[in-house]
Structures are given as structure tokens and as C-alpha cells.
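J.: Encoded as C-alpha cells, here's the structure I'll be asking about.
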Amino acid sequence: MSSFPNKAGIAVEANDGVWPIRRRRVLDWLVNETRGERFIDNILVEMCEKLLAAGVPVARATLHFRVNHPQWVGARILWKEGLAEAKIDTFAYGVENTPEFLTSPVNAIHQGAEEVHRQLEGAADGEMDSFYQDLRDDGLTEYIAWPVEHTFGKRHVVTFSTSRPGGFERGHVDFLRDLLPALTLVSEIRLKNIMARTLLQTYVGPHASEHILSGVTTRGSGATVGAAIMICDLRDFTGISDLWPRDDVIHLLNDYFDAMSDPIERYGGEILKFMGDGLLAIFPLAKETACHDLLQAIREGQALMAQLNQQYAGNGREPLRYGVGVHVGDVMYGNIGSRRRLDFTVIGPAVNVASRLESLTKEVKRPVLLSRAFVEMAGCAQDMDSLGTFPLRGLGEPVDVFAFPER
């Protein structure tokens with residue numbers, strides 16, 4: 001056992017290396033009563049409210065997480081006294097190289113510091129960075145940041161601040177420090193849940209990810225659904241990939257997929273896979289406007305591709321060309337693959353028709369081709385050019401084919 005003087009000069013005993021220093025109601029709540037709460041931001045809010053009720057004068061608290069996300073390198077959850085809900089801010093890649101981050105206490109923790117502790121009350125502007133000045137100007141008197149150590153060396157950050165004159169008492173700091181091991185476990189579970197959902201949404205899409213998370217994980221599991229199907233492919237990609245530098249090819253593909261994919265997702269479509277320079281997407285017919293939504297997604301995608309080609313022309317590059325095949329029908333939607341490696345996708349004759357229509361765009365020199373079945377369901381035949389009947393490879397019956405009008 002060791003002792004230290006508190007701010008009143010009274011010796012207080014501490015348990016060296018023993019956790020917790022003192023068992024508290026908030027700690028019991030974190031360990032035993034948060035299992036029903038899915039989101040860490042709600043837990044942070046309730047924890048801070050319980051701290052206030054226990055006499056710990058917390059006025060501001062944050063959790064800083066590094067996340068595996070295609071757009072965000074990290075996120076901050078911010079609570080302030082009086083807020084019923086926490087504020088969540090995300091940070092794009094590159095923020096970790098800014099002067100503001102490099103001089104921040106969060107970066108100090110990521111670089112190995114075990115604690116960043118700053119008295120704000122009475123400090124002059126020249127004695128502290130602008131970050132601390134802003135906290136002081138908000139009425140805060142003391143700031144503490146600690147690492148939150150997750151498995152595999154993943155280090156995140158928790159901070160607490162107070163507006164109490166004189167700052168925290170030593171007992172308050174011990175109270176907060178006692179929460180760290182439990183907060184670490186509680187936050188890691190929630191963060192892993194978020195990461196699992198984010199990774200699934202990133203690689204298989206939001207709809208398929210919900211099916212997988214709900215337990216649809218065995219080979220052959222799935223359902224037959226009606227869907228409008230869209231298959232898109234970039235033209236002359238082989239030649240481009242042979243002639244262009246690798247990084248330029250990757251940049252081109254990303255530009256192309258942004259232009260075609262963003263409208264699909266905005267109108268409720270589900271991109272099931274990217275196949276080299278192509279994509280497969282469906283618009284489930286459970287939504288009454290599925291066919292109309294698919295048409296709007298294609299039109300907006302075409303407009304974005306036109307803007308992209310203008311940029312390419314300005315750089316002396318040839319315009320990108322593409323083909324889109326559209327059909328409608330029942331598809332098998334679910335898990336297909338080997339025993340250990342599955343793909344959540346759609347298969348069926350309707351998918352084959354959409355694929356053949358996409359290939360036919362090369363022959364008829366029209367970028368978007370649609371089957372009669374689709375245009376009749378969409379009620380858009382009067383807005384399309386009828387190109388006639390075409391035999392499609394591998395299919396028994398010829399298909400009546402329509403195209404977007406030429407401009």
C-alpha cells in the first residue's frame with residue numbers, strides 16, 4: 001500500500017496494482033448492466049450522467065476511435081453536460097497529418113503517452129496550444145486524456161474535463177481511472193460490432209450484410225426474390241489496363257465506379273459485386289418504385305459519366321465508354337460457393353438475360369439496353385427506342401430489346 005496527499009493535504013491510501021481502487025456503483029453498472037445497450041455513444045452519455053450523480057464533476061467527455069472504414073480514419077464521440085445525446089464526428093483520411101492533430105493530446109496518446117493531464121484554469125494564452133485555450137474559453141478548468149487499449153495493440157482515447165473551480169479532486173481522478181478497464185471492455189465489444197457491420201456493408205452491401213448478420217451464413221441459404229437487374233461493364237478496359245500506368249488505371253476505375261454506383265445506392269439499389277471493370281446491381285421489386293428508381297439511377301450515372309469524360313477530354317484522354325443491360329425477373333438471392341468461401345449474390349435466368357443485353361450493347365452501339373419485360377413493368381415503352389428482336393447467346397427465345405433514345 002502507498003499513500004498520497006489529497007488537495008486538502010490529507011493522506012489517502014491507494015492500492016498499488018490492484019483494481020479497482022474502490023468498488024463503485026458506476027463501475028458495477030458498466031460491467032453488469034450495459035449488455036443490452038448496442039451503441040457506445042449511449043453508454044458514454046449514461047456513464048457521464050451517473051458520474052455527475054455520484055459527485056464527480058465531469059463537464060465534458062470524449063471517446064476517440066480509429067475505425068476500419070473506407071471513408072473515415074476515425075471518429076469522436078463528444079458529450080457535454082446538459083446534452084441528452086452525444087455528438088459523433090467522423091474524420092477523413094489525411095487528418096492524421098494535419099498540424100492540429102499532430103499537436104493534439106489524442107496524437108500524444110497514440111504515440112505512446114499513458115496520460116495527458118493539463119490544468120486550464122489561470123493559464124495564459126501563450127502557455128498553451130489553441131486546443132486547450134478553446135477548452136478554457138468554454139469554462140473548463142482541467143483536462144485529462146488516457147489510452148483505451150483494445151486487443152492487438154489497437155489504442156483509442158478517452159478524455160474527461162471539468163469546469164469545477166480548482167479542477168478535479170484526486171479522488172475524482174481515481175474514480176475516473178478506475179473506470180478505464182471496464183470502459184475498455186465495453187467499448188471494444190461495441191466497436192467490434194460496428195466494425196463487423198461496416199466491413200460487411202463495405203464488401204457485400206447494406207442489404208446483404210443485414211442478411212448475413214441475421215444468421216444467413218450457410219451455403220445455399222437464401223430466397224427467391226423479384227428484382228430489376230442491372231449489369232454494367234466498361235468498354236476497352238483491357239487495352240487501357242495494358243497501356244496505362246497501374247495507379248492511373250486504379251484511379252480511372254474508381255472514378256467510373258463512383259459515377260455509376262453512387263446513383264444506384266442513392267435510389268435504393270443494391271450493388272452485389274464489382275467484377276473487374278463491371279458491376280452487378282439489383283433493385284428488389286418489393287419496393288413499388290424499383291423499376292423507376294433503376295431508370296433514374298442510370299440517367300444520373302450517365303450524366304456523371306458525361307461530366308467525367310469532359311474532365312478526361314480536358315486532360316487529352318479518350319472518353320470512357322460503357323454498356324448497361326437491364327432485365328427484370330425472379331432471382332435466387334443468397335450464399336453460393338465452396339464450403340469455406342461464400343459469395344452473397346444473385347443467380348438465375350433473369351441475370352443471364354441482363355448479362356447478354358449488356359454484351360449486345362457492343363453490337364448495336366447503344367450504351368443502355370432494356371428487355372421488353374422490364375420496360376412493360378416500368379411502363380416506359382413510349383419513352384424508349386424499340387430496336388427489334390434479338391437472339392441472345394445461350395437463351396432459347398429471342399428478346400425484344402429497347403434502348404434509351406439517342407440525343
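Going by the C-alpha cells order, chains are called A, B, ..., each with residues numbered from 1, while ligands are numbered from 1 in the order shown.
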Name all residues at most 8 Å from Cys291 of chain A (count only C-alpha atoms; drop same-chain ones fewer than 2 positions away) and give them as a compact mmCIF listing (two decimals) with N, CA and C atoms, in the first residue's frame.
T.:
```
# COMPACT_ATOMS: atom_id res chain seq x y z
N ALA A 228 -35.41 -5.99 -60.35
CA ALA A 228 -34.89 -5.37 -61.57
C ALA A 228 -33.38 -5.48 -61.50
N PHE A 283 -32.50 -4.03 -57.91
CA PHE A 283 -33.49 -3.19 -57.25
C PHE A 283 -34.67 -4.11 -56.92
N LEU A 285 -38.09 -5.82 -56.21
CA LEU A 285 -39.43 -5.38 -56.59
C LEU A 285 -40.36 -5.23 -55.39
N GLU A 288 -42.23 -0.65 -54.68
CA GLU A 288 -43.06 -0.42 -55.85
C GLU A 288 -42.36 0.41 -56.92
N THR A 289 -41.47 1.29 -56.52
CA THR A 289 -40.81 2.18 -57.48
C THR A 289 -39.47 1.62 -57.97
N ASP A 293 -36.80 3.65 -60.08
CA ASP A 293 -35.55 4.01 -59.39
C ASP A 293 -34.34 3.58 -60.21
N LEU A 294 -34.42 2.38 -60.81
CA LEU A 294 -33.30 1.91 -61.63
C LEU A 294 -33.08 2.84 -62.82
N LEU A 295 -34.15 3.25 -63.47
CA LEU A 295 -34.01 4.16 -64.61
C LEU A 295 -33.40 5.49 -64.19
N PHE A 374 -38.85 -5.65 -68.85
CA PHE A 374 -38.58 -4.54 -67.95
C PHE A 374 -39.37 -3.30 -68.33
N MET A 377 -42.98 -3.54 -67.36
CA MET A 377 -43.21 -3.40 -65.92
C MET A 377 -42.98 -1.96 -65.48
N ALA A 378 -42.00 -1.29 -66.09
CA ALA A 378 -41.70 0.09 -65.73
C ALA A 378 -42.69 1.06 -66.36
```
J.: Could you name the residues that touch Val225 of chain A at 12 Å or less, counting only C-alpha atoms, but leaving out those on the same chain fewer than 6 positions away, as a list in words?
T.: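 Contacts, in chain order: Ile282, Phe283, Pro284, Leu285, Ala286, Lys287, Val328, Gly329, Asp330, Val331, Met332, Tyr333, Gly334, Thr345, Val346, Ile347, Gly348 and Ala350 of chain A.
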J.: Counting only C-alpha atoms, which residue out of A:Val324, A:Ala297, A:Met384, A:Gly337 sits closest to Leu357 of chain A?
T.: A:Val324
J.: Give me, as a short mmCIF file (atom, residue, chain, number, x, y, z; two decimals) with N, CA, C and O atoms, in the first residue's frame, the residues of segment 106-311 of chain A that a backbone DSSP run labels helix (DSSP H, G or I).
T.:
```cif
data_model
loop_
_atom_site.label_atom_id
_atom_site.label_comp_id
_atom_site.auth_asym_id
_atom_site.auth_seq_id
_atom_site.Cartn_x
_atom_site.Cartn_y
_atom_site.Cartn_z
N VAL A 106 -4.66 13.72 -28.31
CA VAL A 106 -5.04 12.41 -28.86
C VAL A 106 -3.85 11.79 -29.58
O VAL A 106 -3.55 10.60 -29.42
N ASN A 107 -3.12 12.59 -30.37
CA ASN A 107 -1.94 12.06 -31.04
C ASN A 107 -0.86 11.67 -30.04
O ASN A 107 -0.16 10.68 -30.22
N ALA A 108 -0.72 12.45 -28.97
CA ALA A 108 0.26 12.11 -27.94
C ALA A 108 -0.03 10.73 -27.35
O ALA A 108 0.88 9.93 -27.12
N ILE A 109 -1.32 10.44 -27.12
CA ILE A 109 -1.69 9.12 -26.61
C ILE A 109 -1.36 8.05 -27.64
O ILE A 109 -0.82 6.98 -27.32
N HIS A 110 -1.68 8.31 -28.92
CA HIS A 110 -1.38 7.34 -29.97
C HIS A 110 0.12 7.10 -30.10
O HIS A 110 0.55 6.01 -30.50
N ASP A 125 -2.70 32.61 -22.49
CA ASP A 125 -2.81 32.12 -23.86
C ASP A 125 -1.47 31.60 -24.38
O ASP A 125 -1.41 30.58 -25.05
N GLY A 126 -0.41 32.28 -24.08
CA GLY A 126 0.89 31.88 -24.60
C GLY A 126 1.43 30.61 -23.97
O GLY A 126 2.44 30.08 -24.43
N GLU A 127 0.79 30.13 -22.91
CA GLU A 127 1.27 28.95 -22.21
C GLU A 127 0.65 27.66 -22.71
O GLU A 127 1.02 26.58 -22.24
N SER A 130 -3.83 26.20 -28.91
CA SER A 130 -5.18 26.71 -29.14
C SER A 130 -6.25 25.72 -28.71
O SER A 130 -7.33 26.12 -28.28
N PHE A 131 -5.95 24.42 -28.79
CA PHE A 131 -6.92 23.41 -28.35
C PHE A 131 -7.28 23.62 -26.89
O PHE A 131 -8.46 23.65 -26.51
N TYR A 132 -6.27 23.77 -26.05
CA TYR A 132 -6.52 23.97 -24.62
C TYR A 132 -7.13 25.35 -24.36
O TYR A 132 -7.95 25.50 -23.44
N GLN A 133 -6.72 26.34 -25.14
CA GLN A 133 -7.33 27.67 -24.98
C GLN A 133 -8.83 27.62 -25.23
O GLN A 133 -9.62 28.23 -24.50
N ASP A 134 -9.24 26.85 -26.25
CA ASP A 134 -10.67 26.74 -26.55
C ASP A 134 -11.41 26.07 -25.40
O ASP A 134 -12.52 26.48 -25.05
N LEU A 135 -10.80 25.04 -24.82
CA LEU A 135 -11.44 24.38 -23.67
C LEU A 135 -11.57 25.34 -22.50
O LEU A 135 -12.61 25.42 -21.84
N ARG A 136 -10.48 26.09 -22.24
CA ARG A 136 -10.52 27.05 -21.15
C ARG A 136 -11.57 28.12 -21.41
O ARG A 136 -12.33 28.52 -20.51
N ASP A 137 -11.66 28.60 -22.66
CA ASP A 137 -12.64 29.62 -23.00
C ASP A 137 -14.07 29.11 -22.87
O ASP A 137 -15.01 29.90 -22.72
N THR A 151 -7.59 -5.03 -28.00
CA THR A 151 -6.72 -6.14 -28.37
C THR A 151 -5.95 -5.84 -29.64
O THR A 151 -6.31 -4.96 -30.42
N PHE A 152 -4.85 -6.61 -29.84
CA PHE A 152 -3.96 -6.47 -30.99
C PHE A 152 -3.34 -5.09 -31.07
O PHE A 152 -3.06 -4.58 -32.16
N GLY A 153 -3.12 -4.45 -29.91
CA GLY A 153 -2.42 -3.18 -29.87
C GLY A 153 -3.20 -1.99 -30.40
O GLY A 153 -2.62 -0.95 -30.67
N ARG A 170 -8.29 14.75 -6.28
CA ARG A 170 -7.55 13.50 -6.54
C ARG A 170 -8.49 12.30 -6.51
O ARG A 170 -8.37 11.37 -7.31
N GLY A 171 -9.46 12.34 -5.62
CA GLY A 171 -10.42 11.25 -5.57
C GLY A 171 -11.25 11.15 -6.83
O GLY A 171 -11.62 10.04 -7.25
N HIS A 172 -11.55 12.28 -7.45
CA HIS A 172 -12.28 12.26 -8.72
C HIS A 172 -11.46 11.57 -9.81
O HIS A 172 -11.98 10.77 -10.59
N VAL A 173 -10.16 11.90 -9.86
CA VAL A 173 -9.29 11.32 -10.87
C VAL A 173 -9.19 9.81 -10.67
O VAL A 173 -9.24 9.03 -11.62
N ASP A 174 -9.06 9.38 -9.41
CA ASP A 174 -9.01 7.94 -9.14
C ASP A 174 -10.31 7.26 -9.54
O ASP A 174 -10.31 6.14 -10.06
N PHE A 175 -11.42 7.92 -9.28
CA PHE A 175 -12.72 7.39 -9.66
C PHE A 175 -12.76 7.16 -11.18
O PHE A 175 -13.14 6.08 -11.66
N LEU A 176 -12.34 8.18 -11.95
CA LEU A 176 -12.37 8.06 -13.41
C LEU A 176 -11.38 7.00 -13.90
O LEU A 176 -11.70 6.22 -14.80
N ARG A 177 -10.20 6.97 -13.30
CA ARG A 177 -9.20 5.98 -13.72
C ARG A 177 -9.69 4.57 -13.45
O ARG A 177 -9.39 3.63 -14.20
N ASP A 178 -10.43 4.39 -12.38
CA ASP A 178 -10.97 3.07 -12.05
C ASP A 178 -11.93 2.54 -13.12
O ASP A 178 -12.13 1.34 -13.24
N LEU A 179 -12.53 3.45 -13.88
CA LEU A 179 -13.49 3.02 -14.90
C LEU A 179 -12.81 2.49 -16.17
O LEU A 179 -13.46 1.81 -16.98
N LEU A 180 -11.52 2.79 -16.36
CA LEU A 180 -10.87 2.52 -17.64
C LEU A 180 -10.90 1.04 -18.05
O LEU A 180 -11.24 0.74 -19.20
N PRO A 181 -10.55 0.08 -17.19
CA PRO A 181 -10.58 -1.32 -17.65
C PRO A 181 -11.97 -1.76 -18.10
O PRO A 181 -12.11 -2.44 -19.13
N ALA A 182 -13.00 -1.37 -17.34
CA ALA A 182 -14.36 -1.75 -17.73
C ALA A 182 -14.79 -1.03 -19.00
O ALA A 182 -15.41 -1.62 -19.89
N LEU A 183 -14.46 0.26 -19.09
CA LEU A 183 -14.80 1.01 -20.29
C LEU A 183 -14.09 0.44 -21.51
O LEU A 183 -14.66 0.41 -22.62
N THR A 184 -12.88 -0.05 -21.33
CA THR A 184 -12.14 -0.67 -22.42
C THR A 184 -12.89 -1.89 -22.96
O THR A 184 -13.09 -2.04 -24.17
N LEU A 185 -13.32 -2.78 -22.06
CA LEU A 185 -14.04 -3.98 -22.49
C LEU A 185 -15.37 -3.64 -23.14
O LEU A 185 -15.72 -4.16 -24.20
N VAL A 186 -16.10 -2.74 -22.51
CA VAL A 186 -17.41 -2.36 -23.04
C VAL A 186 -17.29 -1.70 -24.41
O VAL A 186 -18.06 -2.00 -25.33
N SER A 187 -16.31 -0.82 -24.57
CA SER A 187 -16.17 -0.11 -25.85
C SER A 187 -15.65 -1.03 -26.93
O SER A 187 -16.05 -0.91 -28.10
N GLU A 188 -14.77 -1.98 -26.58
CA GLU A 188 -14.24 -2.86 -27.62
C GLU A 188 -15.34 -3.74 -28.20
O GLU A 188 -15.40 -3.95 -29.42
N ILE A 189 -16.22 -4.23 -27.36
CA ILE A 189 -17.32 -5.06 -27.85
C ILE A 189 -18.17 -4.26 -28.83
O ILE A 189 -18.50 -4.74 -29.93
N ARG A 190 -18.53 -3.03 -28.47
CA ARG A 190 -19.37 -2.22 -29.35
C ARG A 190 -18.63 -1.84 -30.63
O ARG A 190 -19.21 -1.85 -31.71
N LEU A 191 -17.34 -1.52 -30.49
CA LEU A 191 -16.58 -1.13 -31.67
C LEU A 191 -16.41 -2.31 -32.62
O LEU A 191 -16.50 -2.15 -33.84
N LYS A 192 -16.20 -3.50 -32.08
CA LYS A 192 -16.08 -4.68 -32.94
C LYS A 192 -17.40 -4.94 -33.66
O LYS A 192 -17.41 -5.34 -34.84
N ASN A 193 -18.52 -4.73 -32.98
CA ASN A 193 -19.81 -4.90 -33.64
C ASN A 193 -19.97 -3.90 -34.79
O ASN A 193 -20.44 -4.25 -35.88
N ILE A 194 -19.58 -2.64 -34.53
CA ILE A 194 -19.66 -1.62 -35.58
C ILE A 194 -18.72 -1.96 -36.73
O ILE A 194 -19.08 -1.84 -37.91
N MET A 195 -17.51 -2.40 -36.41
CA MET A 195 -16.55 -2.74 -37.44
C MET A 195 -17.04 -3.91 -38.30
O MET A 195 -16.88 -3.90 -39.53
N ALA A 196 -17.63 -4.92 -37.66
CA ALA A 196 -18.15 -6.06 -38.42
C ALA A 196 -19.23 -5.61 -39.38
O ALA A 196 -19.25 -6.00 -40.57
N ARG A 197 -20.13 -4.76 -38.90
CA ARG A 197 -21.21 -4.27 -39.76
C ARG A 197 -20.64 -3.39 -40.88
O ARG A 197 -21.06 -3.51 -42.04
N THR A 198 -19.68 -2.52 -40.54
CA THR A 198 -19.09 -1.64 -41.55
C THR A 198 -18.36 -2.43 -42.63
O THR A 198 -18.50 -2.16 -43.82
N LEU A 199 -17.57 -3.43 -42.21
CA LEU A 199 -16.83 -4.21 -43.18
C LEU A 199 -17.77 -5.00 -44.09
O LEU A 199 -17.55 -5.10 -45.31
N LEU A 200 -18.82 -5.56 -43.52
CA LEU A 200 -19.78 -6.28 -44.35
C LEU A 200 -20.49 -5.34 -45.31
O LEU A 200 -20.67 -5.66 -46.49
N GLN A 201 -20.90 -4.17 -44.82
CA GLN A 201 -21.55 -3.21 -45.71
C GLN A 201 -20.61 -2.77 -46.82
O GLN A 201 -21.04 -2.54 -47.96
N THR A 202 -19.32 -2.64 -46.49
CA THR A 202 -18.34 -2.20 -47.48
C THR A 202 -18.14 -3.23 -48.57
O THR A 202 -18.04 -2.90 -49.76
N TYR A 203 -18.09 -4.51 -48.19
CA TYR A 203 -17.71 -5.53 -49.15
C TYR A 203 -18.88 -6.30 -49.75
O TYR A 203 -18.73 -6.89 -50.83
N VAL A 204 -20.03 -6.32 -49.09
CA VAL A 204 -21.17 -7.03 -49.70
C VAL A 204 -22.40 -6.15 -49.83
O VAL A 204 -23.41 -6.57 -50.39
N PRO A 206 -25.22 -3.02 -47.97
CA PRO A 206 -26.03 -2.91 -46.74
C PRO A 206 -27.10 -3.98 -46.61
O PRO A 206 -27.36 -4.47 -45.51
N HIS A 207 -27.74 -4.36 -47.72
CA HIS A 207 -28.83 -5.34 -47.61
C HIS A 207 -28.29 -6.74 -47.34
O HIS A 207 -28.75 -7.43 -46.43
N ALA A 208 -27.30 -7.16 -48.13
CA ALA A 208 -26.71 -8.47 -47.91
C ALA A 208 -26.08 -8.57 -46.53
O ALA A 208 -26.15 -9.62 -45.87
N SER A 209 -25.47 -7.49 -46.06
CA SER A 209 -24.83 -7.53 -44.74
C SER A 209 -25.85 -7.78 -43.64
O SER A 209 -25.57 -8.51 -42.68
N GLU A 210 -27.05 -7.21 -43.77
CA GLU A 210 -28.07 -7.43 -42.76
C GLU A 210 -28.52 -8.89 -42.75
O GLU A 210 -28.78 -9.47 -41.70
N HIS A 211 -28.61 -9.49 -43.94
CA HIS A 211 -28.96 -10.91 -44.02
C HIS A 211 -27.88 -11.76 -43.33
O HIS A 211 -28.19 -12.67 -42.57
N ILE A 212 -26.62 -11.46 -43.63
CA ILE A 212 -25.53 -12.23 -43.04
C ILE A 212 -25.50 -12.07 -41.53
O ILE A 212 -25.37 -13.05 -40.77
N LEU A 213 -25.64 -10.83 -41.05
CA LEU A 213 -25.61 -10.59 -39.60
C LEU A 213 -26.80 -11.23 -38.90
O LEU A 213 -26.72 -11.55 -37.71
N PHE A 237 -11.45 -1.91 -71.59
CA PHE A 237 -10.66 -1.85 -70.36
C PHE A 237 -9.35 -2.62 -70.51
O PHE A 237 -8.33 -2.22 -69.94
N THR A 238 -9.39 -3.71 -71.25
CA THR A 238 -8.15 -4.49 -71.42
C THR A 238 -7.06 -3.65 -72.05
O THR A 238 -5.91 -3.64 -71.59
N GLY A 239 -7.43 -2.90 -73.10
CA GLY A 239 -6.45 -2.04 -73.75
C GLY A 239 -5.95 -0.95 -72.82
O GLY A 239 -4.76 -0.62 -72.79
N ILE A 240 -6.88 -0.37 -72.06
CA ILE A 240 -6.50 0.69 -71.12
C ILE A 240 -5.53 0.16 -70.08
O ILE A 240 -4.50 0.76 -69.78
N SER A 241 -5.84 -1.02 -69.52
CA SER A 241 -5.01 -1.57 -68.45
C SER A 241 -3.64 -1.99 -68.97
O SER A 241 -2.66 -2.03 -68.20
N ASP A 242 -3.55 -2.32 -70.26
CA ASP A 242 -2.25 -2.68 -70.84
C ASP A 242 -1.38 -1.45 -71.08
O ASP A 242 -0.14 -1.54 -71.00
N LEU A 243 -2.00 -0.32 -71.39
CA LEU A 243 -1.24 0.87 -71.81
C LEU A 243 -1.03 1.88 -70.70
O LEU A 243 -0.03 2.60 -70.71
N ARG A 246 -0.28 1.64 -63.72
CA ARG A 246 -1.17 0.94 -62.78
C ARG A 246 -2.00 1.90 -61.95
O ARG A 246 -3.23 1.74 -61.82
N ASP A 247 -1.37 2.93 -61.36
CA ASP A 247 -2.10 3.85 -60.49
C ASP A 247 -3.16 4.62 -61.26
O ASP A 247 -4.23 4.93 -60.72
N ASP A 248 -2.88 4.94 -62.53
CA ASP A 248 -3.87 5.64 -63.35
C ASP A 248 -5.08 4.74 -63.63
O ASP A 248 -6.21 5.21 -63.67
N VAL A 249 -4.81 3.46 -63.84
CA VAL A 249 -5.91 2.51 -64.09
C VAL A 249 -6.81 2.41 -62.86
O VAL A 249 -8.04 2.42 -62.96
N ILE A 250 -6.19 2.32 -61.69
CA ILE A 250 -6.97 2.24 -60.46
C ILE A 250 -7.80 3.50 -60.27
O ILE A 250 -8.99 3.45 -59.91
N HIS A 251 -7.19 4.65 -60.53
CA HIS A 251 -7.90 5.92 -60.39
C HIS A 251 -9.07 5.99 -61.38
O HIS A 251 -10.17 6.44 -61.02
N LEU A 252 -8.85 5.53 -62.61
CA LEU A 252 -9.91 5.51 -63.61
C LEU A 252 -11.08 4.64 -63.15
O LEU A 252 -12.25 5.04 -63.24
N LEU A 253 -10.77 3.43 -62.66
CA LEU A 253 -11.83 2.53 -62.20
C LEU A 253 -12.62 3.16 -61.06
O LEU A 253 -13.86 3.05 -61.01
N ASN A 254 -11.92 3.78 -60.14
CA ASN A 254 -12.62 4.41 -59.01
C ASN A 254 -13.53 5.54 -59.48
O ASN A 254 -14.66 5.69 -58.99
N ASP A 255 -13.05 6.34 -60.42
CA ASP A 255 -13.89 7.41 -60.98
C ASP A 255 -15.13 6.84 -61.64
O ASP A 255 -16.26 7.34 -61.45
N TYR A 256 -14.93 5.81 -62.44
CA TYR A 256 -16.04 5.18 -63.17
C TYR A 256 -17.06 4.57 -62.21
O TYR A 256 -18.27 4.77 -62.33
N PHE A 257 -16.56 3.84 -61.21
CA PHE A 257 -17.48 3.20 -60.26
C PHE A 257 -18.20 4.25 -59.40
O PHE A 257 -19.37 4.06 -59.05
N ASP A 258 -17.52 5.34 -59.06
CA ASP A 258 -18.20 6.42 -58.32
C ASP A 258 -19.38 6.95 -59.13
O ASP A 258 -20.48 7.15 -58.62
N ALA A 259 -19.13 7.20 -60.42
CA ALA A 259 -20.16 7.79 -61.26
C ALA A 259 -21.36 6.86 -61.41
O ALA A 259 -22.52 7.30 -61.34
N MET A 260 -21.12 5.57 -61.58
CA MET A 260 -22.21 4.64 -61.81
C MET A 260 -22.84 4.14 -60.50
O MET A 260 -24.04 3.85 -60.46
N SER A 261 -22.04 4.04 -59.44
CA SER A 261 -22.52 3.41 -58.21
C SER A 261 -23.29 4.35 -57.30
O SER A 261 -24.28 3.94 -56.68
N ASP A 262 -22.83 5.58 -57.18
CA ASP A 262 -23.49 6.50 -56.25
C ASP A 262 -24.98 6.64 -56.54
O ASP A 262 -25.80 6.57 -55.61
N PRO A 263 -25.40 6.83 -57.80
CA PRO A 263 -26.84 6.91 -58.05
C PRO A 263 -27.58 5.62 -57.74
O PRO A 263 -28.73 5.65 -57.28
N ILE A 264 -26.94 4.47 -57.99
CA ILE A 264 -27.60 3.19 -57.67
C ILE A 264 -27.93 3.13 -56.19
O ILE A 264 -29.06 2.80 -55.80
N GLU A 265 -26.97 3.44 -55.35
CA GLU A 265 -27.19 3.37 -53.91
C GLU A 265 -28.15 4.46 -53.45
O GLU A 265 -28.96 4.24 -52.54
N ARG A 266 -28.08 5.64 -54.07
CA ARG A 266 -28.96 6.73 -53.67
C ARG A 266 -30.43 6.39 -53.95
O ARG A 266 -31.31 6.80 -53.20
N ALA A 290 -39.24 0.32 -57.80
CA ALA A 290 -37.93 -0.25 -58.11
C ALA A 290 -37.51 0.02 -59.56
O ALA A 290 -36.37 0.44 -59.81
N CYS A 291 -38.39 -0.22 -60.52
CA CYS A 291 -38.03 -0.03 -61.93
C CYS A 291 -37.77 1.45 -62.23
O CYS A 291 -36.80 1.79 -62.93
N HIS A 292 -38.63 2.30 -61.71
CA HIS A 292 -38.42 3.75 -61.90
C HIS A 292 -37.10 4.18 -61.26
O HIS A 292 -36.35 4.98 -61.83
N ASP A 293 -36.80 3.65 -60.08
CA ASP A 293 -35.55 4.01 -59.39
C ASP A 293 -34.34 3.58 -60.21
O ASP A 293 -33.34 4.30 -60.29
N LEU A 294 -34.42 2.38 -60.81
CA LEU A 294 -33.30 1.91 -61.63
C LEU A 294 -33.08 2.84 -62.82
O LEU A 294 -31.93 3.20 -63.15
N LEU A 295 -34.15 3.25 -63.47
CA LEU A 295 -34.01 4.16 -64.61
C LEU A 295 -33.40 5.49 -64.19
O LEU A 295 -32.53 6.04 -64.89
N GLN A 296 -33.83 6.00 -63.05
CA GLN A 296 -33.27 7.27 -62.57
C GLN A 296 -31.79 7.12 -62.24
O GLN A 296 -30.98 8.02 -62.52
N ALA A 297 -31.43 5.97 -61.67
CA ALA A 297 -30.02 5.73 -61.34
C ALA A 297 -29.18 5.69 -62.61
O ALA A 297 -28.06 6.25 -62.65
N ILE A 298 -29.68 5.06 -63.66
CA ILE A 298 -28.93 5.01 -64.91
C ILE A 298 -28.78 6.41 -65.50
O ILE A 298 -27.69 6.80 -65.95
N ARG A 299 -29.87 7.17 -65.52
CA ARG A 299 -29.80 8.52 -66.10
C ARG A 299 -28.80 9.40 -65.35
O ARG A 299 -28.01 10.13 -65.97
N GLU A 300 -28.83 9.32 -64.03
CA GLU A 300 -27.88 10.13 -63.27
C GLU A 300 -26.45 9.62 -63.46
O GLU A 300 -25.50 10.41 -63.52
N GLY A 301 -26.31 8.30 -63.56
CA GLY A 301 -24.99 7.74 -63.83
C GLY A 301 -24.45 8.21 -65.17
O GLY A 301 -23.26 8.53 -65.30
N GLN A 302 -25.33 8.26 -66.18
CA GLN A 302 -24.90 8.75 -67.49
C GLN A 302 -24.46 10.21 -67.41
O GLN A 302 -23.47 10.60 -68.04
N ALA A 303 -25.20 11.02 -66.66
CA ALA A 303 -24.83 12.43 -66.53
C ALA A 303 -23.48 12.58 -65.84
O ALA A 303 -22.64 13.41 -66.24
N LEU A 304 -23.24 11.77 -64.82
CA LEU A 304 -21.95 11.84 -64.12
C LEU A 304 -20.82 11.34 -65.01
O LEU A 304 -19.70 11.88 -64.96
N MET A 305 -21.09 10.32 -65.82
CA MET A 305 -20.07 9.84 -66.75
C MET A 305 -19.75 10.91 -67.79
O MET A 305 -18.59 11.06 -68.20
N ALA A 306 -20.77 11.64 -68.23
CA ALA A 306 -20.53 12.72 -69.19
C ALA A 306 -19.63 13.79 -68.58
O ALA A 306 -18.71 14.30 -69.24
N GLN A 307 -19.86 14.14 -67.31
CA GLN A 307 -19.00 15.11 -66.63
C GLN A 307 -17.58 14.57 -66.51
O GLN A 307 -16.60 15.31 -66.72
N LEU A 308 -17.46 13.29 -66.19
CA LEU A 308 -16.14 12.69 -66.07
C LEU A 308 -15.41 12.71 -67.41
O LEU A 308 -14.20 13.01 -67.46
N ASN A 309 -16.12 12.41 -68.47
CA ASN A 309 -15.48 12.41 -69.79
C ASN A 309 -15.06 13.81 -70.22
O ASN A 309 -14.06 13.97 -70.95
N GLN A 310 -15.79 14.82 -69.78
CA GLN A 310 -15.35 16.19 -70.05
C GLN A 310 -14.02 16.47 -69.37
O GLN A 310 -13.13 17.11 -69.96
N GLN A 311 -13.89 16.01 -68.16
CA GLN A 311 -12.62 16.19 -67.45
C GLN A 311 -11.50 15.44 -68.18
O GLN A 311 -10.39 15.95 -68.33
#
```
J.: Please indicate the distance in Å from atom CA of Val158 of chain A to atom CA of Phe65 of chain A, rounded to one decimal place.
T.: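 Between these atoms lies a distance of 9.0 Å.
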J.: Please identify which residues in segment 10-70 of chain A DSSP calls strand (DSSP E or B) from the backbone, and express them as a list in words.
T.: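 The residues of segment 10-70 of chain A classed as strand (DSSP E or B) are Ala11, Val12, Glu13, Ala14, Arg60, Ala61, Thr62, Leu63, His64, Phe65 and Arg66 of chain A.
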J.: When you draw a straight line from atom CA of Glu169 of chain A to atom CA of Gly82 of chain A, how long is it in Å?
T.: 21.7 Å
J.: What is the distance between atom CA of Arg66 of chain A and atom CA of Val216 of chain A, in Å to one decimal?
T.: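 Calculated distance between atom CA of Arg66 of chain A and atom CA of Val216 of chain A is 29.0 Å.
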